[in-house]
>>> print(open('data.cif').read())   # mmCIF, C-alpha atoms and all ligand atoms
data_upload
#
loop_
_atom_site.label_atom_id
_atom_site.label_comp_id
_atom_site.auth_asym_id
_atom_site.auth_seq_id
_atom_site.Cartn_x
_atom_site.Cartn_y
_atom_site.Cartn_z
CA MET S 7 0.00 0.00 0.00
CA ARG S 8 1.13 3.56 -0.69
CA GLU S 9 1.83 6.10 2.00
CA ASN S 10 -1.24 7.59 3.70
CA ARG S 11 -0.85 11.36 3.44
CA LEU S 12 -4.56 11.97 3.50
CA GLY S 13 -5.38 11.80 7.16
CA PHE S 14 -8.41 9.56 6.61
CA LYS S 15 -8.53 6.46 8.73
CA PRO S 16 -7.54 3.32 6.82
CA MET S 17 -9.82 0.34 7.45
CA GLN S 18 -6.87 -1.64 8.80
CA GLU S 19 -6.90 0.58 11.89
CA PHE S 20 -10.22 -0.94 12.94
CA ASP S 21 -10.78 -4.25 14.65
CA VAL S 22 -13.42 -5.71 12.36
CA GLU S 23 -13.68 -9.16 13.92
CA GLY S 24 -17.35 -10.02 14.43
CA LYS S 25 -18.32 -6.50 13.33
CA LYS S 26 -20.89 -5.65 10.68
CA VAL S 27 -19.06 -3.72 7.97
CA LEU S 28 -20.77 -1.84 5.14
CA LEU S 29 -18.35 -1.55 2.21
CA ARG S 30 -19.06 0.82 -0.70
CA VAL S 31 -17.19 -0.38 -3.78
CA ASP S 32 -17.22 0.88 -7.37
CA ILE S 33 -17.68 -2.13 -9.61
CA ASN S 34 -19.54 -0.23 -12.32
CA SER S 35 -18.29 -2.20 -15.32
CA PRO S 36 -18.53 -2.06 -19.11
CA ILE S 37 -21.41 -4.28 -20.25
CA ASP S 38 -21.85 -5.97 -23.63
CA PRO S 39 -24.89 -4.25 -25.17
CA THR S 40 -26.34 -7.50 -26.50
CA THR S 41 -25.54 -10.14 -23.89
CA LYS S 42 -25.59 -7.71 -20.93
CA LYS S 43 -22.53 -9.51 -19.58
CA ILE S 44 -19.54 -7.82 -17.96
CA VAL S 45 -16.78 -7.26 -20.51
CA ASN S 46 -14.03 -5.83 -18.31
CA GLU S 47 -13.37 -7.02 -14.76
CA ASN S 48 -10.74 -4.45 -13.79
CA ARG S 49 -12.80 -2.78 -11.07
CA LEU S 50 -13.90 -6.13 -9.64
CA ASP S 51 -10.28 -7.30 -9.52
CA LYS S 52 -9.13 -4.12 -7.83
CA SER S 53 -11.74 -4.53 -5.07
CA ILE S 54 -10.69 -8.08 -4.21
CA PRO S 55 -7.80 -7.28 -1.78
CA THR S 56 -10.12 -5.05 0.27
CA ILE S 57 -12.85 -7.69 0.50
CA GLU S 58 -10.32 -10.41 1.26
CA TRP S 59 -8.78 -8.39 4.08
CA LEU S 60 -12.16 -7.71 5.68
CA LEU S 61 -13.31 -11.33 5.44
CA ASP S 62 -9.96 -12.72 6.61
CA HIS S 63 -10.23 -10.47 9.66
CA GLY S 64 -13.67 -11.79 10.57
CA ALA S 65 -15.94 -9.01 9.31
CA LYS S 66 -19.62 -9.67 8.61
CA LEU S 67 -19.56 -7.92 5.28
CA ALA S 68 -22.29 -6.29 3.19
CA MET S 69 -21.32 -4.49 0.01
CA ILE S 70 -23.18 -1.75 -1.82
CA ALA S 71 -22.43 -0.68 -5.38
CA HIS S 72 -23.92 0.85 -8.50
CA GLN S 73 -23.99 -0.34 -12.11
CA GLY S 74 -24.96 1.79 -15.09
CA ASP S 75 -27.35 4.69 -14.95
CA THR S 76 -30.85 5.73 -15.85
CA LEU S 77 -29.73 8.02 -18.68
CA ASP S 78 -29.95 5.30 -21.29
CA TYR S 79 -30.61 2.10 -19.31
CA GLN S 80 -27.98 0.30 -21.40
CA ASN S 81 -25.76 -0.74 -18.50
CA LEU S 82 -28.38 -0.63 -15.77
CA ILE S 83 -28.53 -4.26 -14.69
CA PRO S 84 -28.72 -6.14 -11.38
CA LEU S 85 -25.45 -7.12 -9.74
CA ILE S 86 -25.91 -10.91 -9.99
CA GLU S 87 -22.95 -11.46 -12.29
CA HIS S 88 -20.80 -9.15 -10.17
CA ALA S 89 -21.53 -11.34 -7.13
CA GLN S 90 -20.78 -14.52 -9.11
CA LYS S 91 -17.46 -13.09 -10.28
CA PHE S 92 -16.59 -12.05 -6.74
CA SER S 93 -17.34 -15.58 -5.55
CA GLU S 94 -15.08 -17.07 -8.24
CA LYS S 95 -12.24 -14.64 -7.57
CA LEU S 96 -12.41 -14.95 -3.79
CA GLY S 97 -12.97 -18.70 -3.73
CA ARG S 98 -15.82 -18.15 -1.27
CA ASN S 99 -19.49 -17.46 -1.68
CA VAL S 100 -20.67 -13.88 -2.08
CA ARG S 101 -24.43 -14.02 -1.83
CA TYR S 102 -26.43 -11.68 -4.04
CA ILE S 103 -29.54 -10.05 -2.59
CA ASP S 104 -31.75 -8.37 -5.16
CA ASP S 105 -32.82 -5.69 -2.72
CA VAL S 106 -30.86 -2.57 -1.83
CA CYS S 107 -32.11 -1.66 1.63
CA GLY S 108 -35.62 -3.09 2.04
CA PRO S 109 -36.67 -5.88 4.40
CA VAL S 110 -34.95 -8.65 2.42
CA ALA S 111 -31.62 -6.79 2.39
CA GLN S 112 -31.94 -6.00 6.09
CA SER S 113 -32.63 -9.64 7.02
CA ALA S 114 -29.67 -10.79 4.96
CA VAL S 115 -27.39 -8.33 6.76
CA GLU S 116 -28.73 -9.40 10.15
CA ALA S 117 -28.08 -13.07 9.32
CA LEU S 118 -24.43 -12.54 8.34
CA ASP S 119 -21.80 -14.58 10.13
CA GLU S 120 -18.11 -13.79 10.57
CA GLY S 121 -16.24 -14.06 7.27
CA GLU S 122 -19.46 -14.03 5.24
CA ALA S 123 -20.29 -11.55 2.50
CA VAL S 124 -23.38 -10.33 0.68
CA LEU S 125 -23.65 -7.95 -2.24
CA LEU S 126 -26.84 -5.89 -2.08
CA GLY S 127 -28.84 -4.75 -5.13
CA ASN S 128 -27.84 -2.10 -7.63
CA LEU S 129 -27.95 1.30 -5.88
CA ARG S 130 -28.97 2.99 -9.11
CA TYR S 131 -32.46 1.51 -8.81
CA LEU S 132 -32.98 3.89 -5.90
CA CYS S 133 -34.10 7.26 -7.21
CA GLU S 134 -32.60 9.06 -4.20
CA GLU S 135 -29.12 7.81 -5.14
CA ILE S 136 -29.33 9.58 -8.50
CA SER S 137 -31.59 12.55 -7.82
CA THR S 138 -29.34 13.84 -5.06
CA PHE S 139 -26.45 14.51 -7.41
CA GLU S 140 -28.50 15.71 -10.33
CA ASP S 141 -29.30 19.39 -10.62
CA ALA S 142 -32.87 19.22 -9.35
CA VAL S 143 -32.07 18.13 -5.79
CA LYS S 144 -29.02 19.23 -3.89
CA LEU S 145 -28.93 17.67 -0.46
CA LYS S 146 -26.04 18.07 1.93
CA PRO S 147 -24.62 14.87 3.41
CA GLU S 148 -26.19 15.69 6.78
CA GLU S 149 -29.57 15.90 5.03
CA MET S 150 -29.00 12.64 3.21
CA VAL S 151 -29.05 10.74 6.48
CA ASN S 152 -32.84 10.91 6.08
CA THR S 153 -32.78 8.95 2.84
CA TRP S 154 -34.33 5.52 2.88
CA LEU S 155 -30.93 3.96 2.14
CA VAL S 156 -29.12 5.47 5.11
CA ARG S 157 -32.06 5.23 7.54
CA SER S 158 -32.49 1.53 6.75
CA LEU S 159 -28.91 0.35 6.60
CA ALA S 160 -26.84 2.51 8.95
CA PRO S 161 -28.37 1.12 12.20
CA LEU S 162 -27.36 -2.40 11.16
CA PHE S 163 -23.62 -1.67 10.91
CA ASP S 164 -20.61 -0.96 13.12
CA LEU S 165 -18.35 0.49 10.42
CA TYR S 166 -18.62 2.06 6.98
CA VAL S 167 -15.71 1.59 4.58
CA ASN S 168 -15.51 3.48 1.32
CA ASP S 169 -13.24 2.05 -1.35
CA ALA S 170 -15.05 3.61 -4.30
CA PHE S 171 -12.78 6.47 -5.37
CA ALA S 172 -14.02 6.01 -8.95
CA ALA S 173 -17.38 7.44 -7.85
CA ALA S 174 -15.84 10.13 -5.61
CA HIS S 175 -17.42 12.91 -7.68
CA ARG S 176 -20.95 11.67 -6.97
CA ASN S 177 -22.68 13.45 -4.14
CA ALA S 178 -24.91 10.45 -3.44
CA PRO S 179 -26.08 9.05 -0.09
CA SER S 180 -24.10 5.82 -0.52
CA MET S 181 -20.92 7.87 -0.98
CA VAL S 182 -21.17 10.73 1.50
CA ALA S 183 -23.90 10.21 4.09
CA PHE S 184 -22.98 7.07 6.04
CA GLN S 185 -19.92 8.99 7.29
CA GLU S 186 -22.34 11.23 9.18
CA VAL S 187 -23.67 8.42 11.34
CA LEU S 188 -21.11 5.59 11.38
CA PRO S 189 -17.41 5.29 12.19
CA SER S 190 -15.85 5.51 8.74
CA ALA S 191 -12.70 4.36 7.03
CA ALA S 192 -11.16 4.41 3.58
CA GLY S 193 -10.17 1.24 1.76
CA PRO S 194 -6.71 0.52 0.33
CA LEU S 195 -7.73 1.08 -3.30
CA PHE S 196 -8.96 4.56 -2.41
CA PHE S 197 -5.57 5.35 -0.85
CA ASN S 198 -3.67 3.94 -3.81
CA GLU S 199 -5.68 5.93 -6.34
CA VAL S 200 -5.33 9.21 -4.51
CA SER S 201 -1.63 8.70 -3.81
CA ALA S 202 -0.88 8.04 -7.49
CA LEU S 203 -2.84 11.12 -8.54
CA ASN S 204 -1.17 13.21 -5.84
CA GLN S 205 2.17 12.21 -7.31
CA VAL S 206 1.08 13.58 -10.70
CA MET S 207 -0.34 16.74 -9.16
CA SER S 208 2.14 17.72 -6.50
CA ASN S 209 5.42 16.36 -7.64
CA PRO S 210 5.39 15.52 -11.35
CA ALA S 211 8.70 14.64 -12.96
CA HIS S 212 9.11 17.01 -15.93
CA PRO S 213 8.40 17.22 -18.75
CA SER S 214 4.87 16.29 -17.73
CA VAL S 215 2.73 15.38 -20.72
CA PHE S 216 -1.05 14.97 -20.64
CA VAL S 217 -2.70 12.97 -23.42
CA LEU S 218 -6.37 13.90 -23.63
CA GLY S 219 -8.67 12.22 -26.10
CA GLY S 220 -12.08 10.66 -26.38
CA ALA S 221 -15.33 12.54 -26.51
CA LYS S 222 -15.80 13.59 -22.87
CA ILE S 223 -14.93 17.19 -23.60
CA SER S 224 -16.32 18.78 -20.47
CA ASP S 225 -14.13 16.60 -18.23
CA ALA S 226 -10.98 17.43 -20.18
CA PHE S 227 -11.81 21.11 -20.44
CA GLY S 228 -12.48 21.29 -16.72
CA MET S 229 -8.93 20.15 -16.09
CA MET S 230 -6.80 21.87 -18.75
CA GLU S 231 -6.68 25.37 -17.36
CA GLN S 232 -5.77 24.18 -13.88
CA VAL S 233 -2.99 21.77 -14.90
CA LEU S 234 -1.41 24.18 -17.37
CA SER S 235 -1.61 27.15 -14.99
CA ASN S 236 -0.10 25.40 -12.01
CA GLY S 237 2.62 23.55 -13.93
CA THR S 238 1.19 20.04 -13.40
CA ALA S 239 1.25 19.67 -17.19
CA ASP S 240 3.94 21.12 -19.44
CA GLU S 241 2.22 20.01 -22.62
CA ILE S 242 -1.18 18.63 -23.60
CA LEU S 243 -1.49 16.35 -26.61
CA THR S 244 -5.06 16.45 -27.86
CA CYS S 245 -6.72 13.74 -29.91
CA GLY S 246 -10.18 12.27 -30.46
CA VAL S 247 -13.04 14.76 -30.52
CA ILE S 248 -11.05 17.06 -28.20
CA GLY S 249 -8.38 17.37 -30.91
CA GLU S 250 -11.05 18.34 -33.44
CA VAL S 251 -12.46 21.03 -31.17
CA PHE S 252 -8.98 22.56 -30.80
CA LEU S 253 -8.36 22.44 -34.55
CA LEU S 254 -11.59 24.38 -35.07
CA ALA S 255 -10.61 26.81 -32.30
CA SER S 256 -7.30 27.43 -34.06
CA GLY S 257 -9.24 28.59 -37.14
CA GLN S 258 -8.94 25.36 -39.12
CA SER S 259 -12.17 24.38 -40.85
CA LEU S 260 -12.81 20.60 -40.83
CA GLY S 261 -15.85 20.50 -43.09
CA SER S 262 -19.60 20.45 -42.53
CA LYS S 263 -19.78 16.79 -41.42
CA VAL S 264 -17.62 17.49 -38.38
CA ASP S 265 -19.59 20.69 -37.68
CA GLU S 266 -22.85 18.75 -37.83
CA PHE S 267 -21.46 16.06 -35.52
CA LEU S 268 -20.31 18.59 -32.93
CA GLN S 269 -23.58 20.48 -33.22
CA LYS S 270 -25.57 17.31 -32.62
CA LYS S 271 -23.50 16.48 -29.56
CA GLY S 272 -23.86 20.02 -28.21
CA LEU S 273 -20.10 20.55 -28.32
CA MET S 274 -19.90 23.77 -30.38
CA PRO S 275 -19.72 26.03 -27.27
CA PHE S 276 -16.40 24.41 -26.36
CA ILE S 277 -14.75 25.95 -29.42
CA GLU S 278 -14.78 29.42 -27.82
CA GLN S 279 -13.35 28.00 -24.60
CA ALA S 280 -10.65 26.22 -26.58
CA LYS S 281 -9.75 29.51 -28.30
CA GLY S 282 -9.24 31.05 -24.87
CA TYR S 283 -6.88 28.22 -23.85
CA LEU S 284 -4.86 28.51 -27.06
CA GLU S 285 -4.37 32.23 -26.39
CA LYS S 286 -3.59 31.79 -22.72
CA PHE S 287 -1.17 28.87 -23.14
CA PRO S 288 0.62 29.40 -26.47
CA GLY S 289 2.50 26.36 -27.73
CA LYS S 290 1.39 24.14 -24.86
CA ILE S 291 -1.63 22.50 -26.47
CA LYS S 292 -0.74 20.26 -29.42
CA MET S 293 -3.28 19.36 -32.08
CA PRO S 294 -3.36 16.57 -34.67
CA CYS S 295 -1.62 17.45 -37.96
CA ASP S 296 -3.36 14.63 -39.84
CA LEU S 297 -6.51 12.57 -39.43
CA ALA S 298 -7.81 9.19 -40.56
CA TYR S 299 -11.11 8.41 -42.24
CA GLU S 300 -12.76 5.51 -44.00
CA ALA S 301 -13.08 5.22 -47.78
CA LYS S 302 -14.41 2.07 -49.45
CA GLY S 303 -13.77 0.02 -46.34
CA MET S 304 -10.13 1.14 -46.10
CA ARG S 305 -8.29 3.48 -43.76
CA GLU S 306 -7.15 6.68 -45.47
CA GLU S 307 -5.32 9.63 -43.99
CA ILE S 308 -5.44 13.31 -44.80
CA SER S 309 -3.20 16.15 -43.72
CA VAL S 310 -4.97 18.91 -41.81
CA SER S 311 -3.50 21.39 -44.31
CA GLU S 312 -5.68 19.77 -47.01
CA LEU S 313 -8.90 20.34 -45.04
CA PRO S 314 -11.79 21.09 -45.11
CA ALA S 315 -13.20 17.96 -46.71
CA GLU S 316 -16.61 16.37 -46.39
CA LEU S 317 -15.43 13.54 -44.17
CA LEU S 318 -15.74 12.24 -40.64
CA TYR S 319 -12.48 11.51 -38.82
CA LEU S 320 -12.15 8.49 -36.59
CA ASP S 321 -8.48 8.51 -35.64
CA VAL S 322 -5.36 10.64 -35.72
CA GLY S 323 -3.00 10.04 -38.65
CA SER S 324 0.56 8.64 -38.81
CA MET S 325 2.33 12.03 -38.70
CA THR S 326 0.45 12.97 -35.53
CA ILE S 327 1.26 9.60 -33.97
CA GLU S 328 4.94 10.15 -34.71
CA GLU S 329 4.94 13.69 -33.36
CA TYR S 330 3.11 12.69 -30.16
CA ARG S 331 5.38 9.66 -29.72
CA LYS S 332 8.43 11.97 -29.64
CA SER S 333 6.88 14.13 -26.89
CA ILE S 334 5.93 11.06 -24.88
CA GLU S 335 9.32 9.35 -25.24
CA THR S 336 11.13 12.02 -23.26
CA ALA S 337 8.41 12.64 -20.67
CA GLY S 338 9.04 12.28 -16.95
CA THR S 339 5.29 11.99 -16.31
CA VAL S 340 2.48 10.96 -18.63
CA PHE S 341 -1.18 11.25 -17.67
CA VAL S 342 -3.68 9.72 -20.08
CA ASN S 343 -7.44 10.04 -20.31
CA GLY S 344 -9.47 9.21 -23.39
CA PRO S 345 -8.48 7.29 -26.54
CA ALA S 346 -7.01 8.83 -29.71
CA GLY S 347 -9.73 7.42 -31.96
CA VAL S 348 -12.34 4.70 -32.39
CA PHE S 349 -9.91 1.97 -31.36
CA GLU S 350 -12.62 -0.71 -31.18
CA ASP S 351 -12.56 -0.67 -35.00
CA GLU S 352 -9.36 -2.18 -36.39
CA LEU S 353 -9.19 0.47 -39.10
CA PHE S 354 -8.95 3.17 -36.48
CA GLU S 355 -6.96 1.54 -33.72
CA ALA S 356 -3.52 2.73 -34.89
CA GLY S 357 -3.53 6.08 -33.07
CA THR S 358 -4.53 4.68 -29.70
CA LYS S 359 -2.42 1.54 -30.15
CA LYS S 360 0.85 3.28 -31.04
CA ILE S 361 0.46 6.19 -28.65
CA TRP S 362 -0.45 3.84 -25.78
CA GLN S 363 2.52 1.59 -26.64
CA ALA S 364 4.79 4.64 -26.51
CA ILE S 365 3.36 5.51 -23.08
CA ALA S 366 3.90 1.96 -21.80
CA ASP S 367 7.57 2.20 -22.83
CA VAL S 368 8.21 5.47 -20.99
CA GLU S 369 10.69 5.25 -18.10
CA GLY S 370 8.89 7.98 -16.19
CA PHE S 371 5.71 7.84 -14.13
CA THR S 372 2.63 6.95 -16.19
CA VAL S 373 -0.98 7.09 -15.06
CA VAL S 374 -3.84 5.85 -17.18
CA GLY S 375 -7.47 6.14 -16.16
CA GLY S 376 -10.99 6.13 -17.57
CA GLY S 377 -12.80 3.02 -18.80
CA ASP S 378 -11.92 3.34 -22.50
CA SER S 379 -8.28 4.24 -21.86
CA VAL S 380 -7.81 1.29 -19.53
CA SER S 381 -9.48 -1.09 -22.01
CA ALA S 382 -7.17 0.23 -24.73
CA ALA S 383 -4.14 -0.16 -22.49
CA SER S 384 -5.12 -3.77 -21.74
CA ARG S 385 -5.70 -4.49 -25.40
CA PHE S 386 -2.57 -2.92 -26.89
CA THR S 387 0.08 -2.97 -24.17
CA ASP S 388 1.42 -4.96 -21.28
CA ILE S 389 -0.64 -2.97 -18.80
CA LYS S 390 1.81 -3.80 -16.02
CA LYS S 391 4.22 -1.42 -17.73
CA MET S 392 1.98 1.52 -16.78
CA SER S 393 3.02 2.89 -13.38
CA TYR S 394 -0.56 3.22 -12.21
CA VAL S 395 -3.87 2.17 -13.73
CA CYS S 396 -6.61 4.16 -12.06
CA THR S 397 -10.10 2.64 -11.81
CA ALA S 398 -11.57 6.13 -12.00
CA GLY S 399 -12.46 8.22 -15.05
CA GLY S 400 -14.60 11.25 -14.22
CA ALA S 401 -13.47 11.26 -10.59
CA MET S 402 -9.80 11.10 -11.60
CA VAL S 403 -10.09 14.02 -14.00
CA ARG S 404 -12.00 16.14 -11.49
CA TYR S 405 -9.50 15.31 -8.74
CA VAL S 406 -6.57 16.34 -10.92
CA SER S 407 -8.49 19.53 -11.76
CA GLY S 408 -8.06 20.45 -8.11
CA LYS S 409 -11.78 20.16 -7.33
CA LYS S 410 -12.78 19.09 -3.84
CA LEU S 411 -14.71 15.90 -4.51
CA PRO S 412 -17.77 15.10 -2.37
CA LEU S 413 -16.24 11.83 -1.15
CA ILE S 414 -12.99 13.51 -0.09
CA ALA S 415 -14.94 16.21 1.76
CA ALA S 416 -17.06 13.56 3.51
CA MET S 417 -14.03 11.49 4.53
CA GLU S 418 -12.19 14.57 5.78
CA LYS S 419 -15.20 15.52 7.87
CA ALA S 420 -15.44 11.98 9.25
CA ALA S 421 -11.77 12.09 10.21
CA GLY S 422 -12.30 15.40 11.99
CA LEU S 423 -10.11 17.22 9.48
CA THR S 424 -12.70 19.89 8.66
C1 LIG S 501 -17.66 5.89 -13.25
O1 LIG S 501 -17.75 4.92 -14.00
O2 LIG S 501 -17.12 6.96 -13.58
C2 LIG S 501 -18.19 5.76 -11.86
O3 LIG S 501 -18.57 4.45 -11.57
C3 LIG S 501 -19.34 6.70 -11.67
O4 LIG S 501 -20.36 6.32 -12.54
P1 LIG S 501 -21.35 7.42 -13.12
O5 LIG S 501 -20.55 8.29 -14.04
O6 LIG S 501 -22.45 6.66 -13.81
O7 LIG S 501 -21.86 8.19 -11.95
#
>>> encode(input="data.cif", output="structure tokens", more="lines below")
Ligand code: 3PG
Amino acid sequence: MRENRLGFKPMQEFDVEGKKVLLRVDINSPIDPTTKKIVNENRLDKSIPTIEWLLDHGAKLAMIAHQGDTLDYQNLIPLIEHAQKFSEKLGRNVRYIDDVCGPVAQSAVEALDEGEAVLLGNLRYLCEEISTFEDAVKLKPEEMVNTWLVRSLAPLFDLYVNDAFAAAHRNAPSMVAFQEVLPSAAGPLFFNEVSALNQVMSNPAHPSVFVLGGAKISDAFGMMEQVLSNGTADEILTCGVIGEVFLLASGQSLGSKVDEFLQKKGLMPFIEQAKGYLEKFPGKIKMPCDLAYEAKGMREEISVSELPAELLYLDVGSMTIEEYRKSIETAGTVFVNGPAGVFEDELFEAGTKKIWQAIADVEGFTVVGGGDSVSAASRFTDIKKMSYVCTAGGAMVRYVSGKKLPLIAAMEKAAGLT
């Protein structure tokens, strides 16, 4: 385990023998859209040492977790397979209870014996878990103690452990309210994640290069100003949709298809913001110099200087890959979030594949996070070559942006630090 510089209590400081422990994990996993089966077990794997430690030390363990969300219902499934996978990985039974905090869940918790574990139902079926962090309702943690979840479960437990840093940005009862009413501790994964990110933020070896891709523009934009202003990043290499937004901000037209795409996704307002960053940080934000597209089932590349064209771009081109590789090669720190292109399609995997391979070969400290980036790293590299693979995506980016995350605030309060 990494050094604890956070001041939260680690779970190992508690005697858990015979105690009822409520563990919040983040096992929100990518799900195959057709079979609805888990396709990447990284978050499950990373939770295993925590569960093992608690069970080995005689805890009566109940776990709460979320899967998917109600925005599109694609990944919103019960946690049965998660419990089965836990059972296989732990070599002991993890019972699944398809109830989050109602009478069935409560009876199952009451019946727990030492060294036994249950996984309760998907938290995202509870409207109060979601509505409290959406715009309409803004409850403070001390108000969330009145939610059905906390009222029903808290009295049954002796200790609350949070090991769900990947959901640290969610101001939900399961994340921030149990700390109000129960002795609370942080799990080892939580410490590891935060320590790795602290290393990037407070003491990065230079040059520090950030590779930002994918389509989650608001996350990346929320972070750029902070990391460039305070010297956490010396250079940002943009790719994916983020790269396109910066090209447009630099005055480069990409053609009406790209405009239509950005319009449809509501991303046009980011162009103005990107212009501001280019002015404020001259030379620090790199953009693709060529892009890849599909023609007659083949990958083709086009130099940005030949644009606009009526095409859609699904990867960065070879010259960009080469240029980015050179920056990465000499970096002391590399932080990666978001793929370079649509790497799931073989035609457009080259950017992500080669850039990720360059990152894996770097001698310096490398941190990769975010579901897609981690999947790409597992697919194209020996992931063990990355210094740290963070389970978090949105939480990681917000943490590095210097934002006080709801979970961190709740844990600090619980530890008497605020
Ligand atoms: C994540 O995958 O980033 C966390 O599990 C949080 O999930 P959410 O973005 O659906 O809240």
>>> axis_aligned_box(input="data.cif", around="ligand LIG 501 (chain S)", padding_each_side="6 Å", output="AutoDock Vina command-line options")
--center_x -19.8 --center_y 6.4 --center_z -12.8 --size_x 17.3 --size_y 15.8 --size_z 14.5
>>> residues_near_point(input="data.cif", point="(-14.0, 18.8, -43.6)", cutoff="9 Å", atoms="all atoms listed in the file", output="list in words")
Ser259, Leu260, Gly261, Ser262, Lys263, Val264, Asp265, Leu313, Pro314, Ala315, Glu316, Leu317, Leu318 and Tyr319 of chain S
>>> atom_distance(input="data.cif", atom1="CA of Asp119 (chain S)", atom2="CA of Tyr131 (chain S)")
27.0 Å
>>> closest_residue(input="data.cif", among="S:Thr244, S:Gln185, S:Asn128, S:Gln269", to="Ala89 (chain S)", atoms="only C-alpha atoms")
S:Asn128
>>> residues_near_ligand(input="data.cif", ligand="ligand LIG 501 (chain S)", cutoff="8 Å", atoms="all atoms listed in the file", output="JSON, numbers by chain")
{"S": [32, 33, 34, 35, 72, 73, 74, 75, 172, 173, 174, 175, 176, 376, 377, 398, 399, 400, 401]}
>>> atom_distance(input="data.cif", atom1="CA of Gly303 (chain S)", atom2="CA of Ala346 (chain S)")
20.0 Å
>>> closest_atom_pairs(input="data.cif", of="region 292-324 of chain S", to="region 349-372 of chain S", cutoff="10 Å", atoms="only C-alpha atoms", output="tab-separated table")
residue	atom	partner	partner_atom	distance
S:Leu297	CA	S:Gly357	CA	9.6
S:Ala298	CA	S:Phe354	CA	7.4
S:Tyr299	CA	S:Phe354	CA	8.1
S:Glu300	CA	S:Leu353	CA	7.9
S:Gly303	CA	S:Leu353	CA	8.6
S:Met304	CA	S:Leu353	CA	7.1
S:Arg305	CA	S:Leu353	CA	5.6
S:Glu306	CA	S:Leu353	CA	9.1
S:Tyr319	CA	S:Phe354	CA	9.4
S:Leu320	CA	S:Phe354	CA	6.2
S:Asp321	CA	S:Phe354	CA	5.4
S:Val322	CA	S:Gly357	CA	5.6
S:Gly323	CA	S:Gly357	CA	6.9
S:Ser324	CA	S:Gly357	CA	7.5
>>> closest_residue(input="data.cif", among="S:Val45, S:Gln279, S:Ala71, S:Ser158", to="Gly108 (chain S)", atoms="all atoms listed in the file")
S:Ser158
>>> closest_atom_pairs(input="data.cif", of="region 85-170 of chain S", to="region 49-54 of chain S", cutoff="10 Å", atoms="all atoms listed in the file", output="Markdown table")
| residue | atom | partner | partner_atom | distance |
| --- | --- | --- | --- | --- |
| S:His88 | CA | S:Leu50 | CA | 7.6 |
| S:Ala89 | CA | S:Leu50 | CA | 9.6 |
| S:Lys91 | CA | S:Leu50 | CA | 7.8 |
| S:Phe92 | CA | S:Leu50 | CA | 7.1 |
| S:Lys95 | CA | S:Ile54 | CA | 7.5 |
| S:Leu96 | CA | S:Ile54 | CA | 7.1 |
| S:Asp169 | CA | S:Ser53 | CA | 7.7 |
| S:Ala170 | CA | S:Ser53 | CA | 8.8 |
>>> atom_distance(input="data.cif", atom1="CA of Gln232 (chain S)", atom2="CA of Ser379 (chain S)")
21.6 Å
>>> closest_residue(input="data.cif", among="S:Phe252, S:Phe14, S:Tyr166, S:Tyr405", to="Gly228 (chain S)", atoms="only C-alpha atoms")
S:Tyr405
>>> closest_residue(input="data.cif", among="S:Gly344, S:Pro288, S:Gly24, S:Gly97", to="Ile248 (chain S)", atoms="all atoms listed in the file")
S:Gly344
>>> residues_near_point(input="data.cif", point="(-10.9, 16.0, 2.2)", cutoff="12 Å", atoms="all atoms listed in the file", output="list of chain:residue names")
S:Arg11, S:Leu12, S:Gly13, S:Phe14, S:Lys15, S:Ala174, S:Val182, S:Ala192, S:Val200, S:Tyr405, S:Gly408, S:Lys409, S:Lys410, S:Leu411, S:Pro412, S:Leu413, S:Ile414, S:Ala415, S:Ala416, S:Met417, S:Glu418, S:Lys419, S:Ala420, S:Ala421, S:Gly422, S:Leu423, S:Thr424
>>> closest_residue(input="data.cif", among="S:Thr387, S:Asn99, S:Thr339, S:Ser180", to="Met207 (chain S)", atoms="only C-alpha atoms")
S:Thr339
>>> closest_residue(input="data.cif", among="S:Val233, S:Leu126, S:Gly220, S:Gly249", to="Pro345 (chain S)", atoms="all atoms listed in the file")
S:Gly220
>>> residues_around(input="data.cif", residues="Lys26 (chain S)", least_positions_apart="2", cutoff="8 Å", atoms="all atoms listed in the file", output="list in words")
Val22, Gly24, Leu28, Ala65, Lys66, Leu67, Ala68, Leu162, Phe163, Asp164 and Leu165 of chain S
>>> residues_around(input="data.cif", residues="Pro194 (chain S)", least_positions_apart="3", cutoff="9 Å", atoms="only C-alpha atoms", output="ChimeraX atom specification")
/S:7-8,16-18,53,55-56,169,197-199
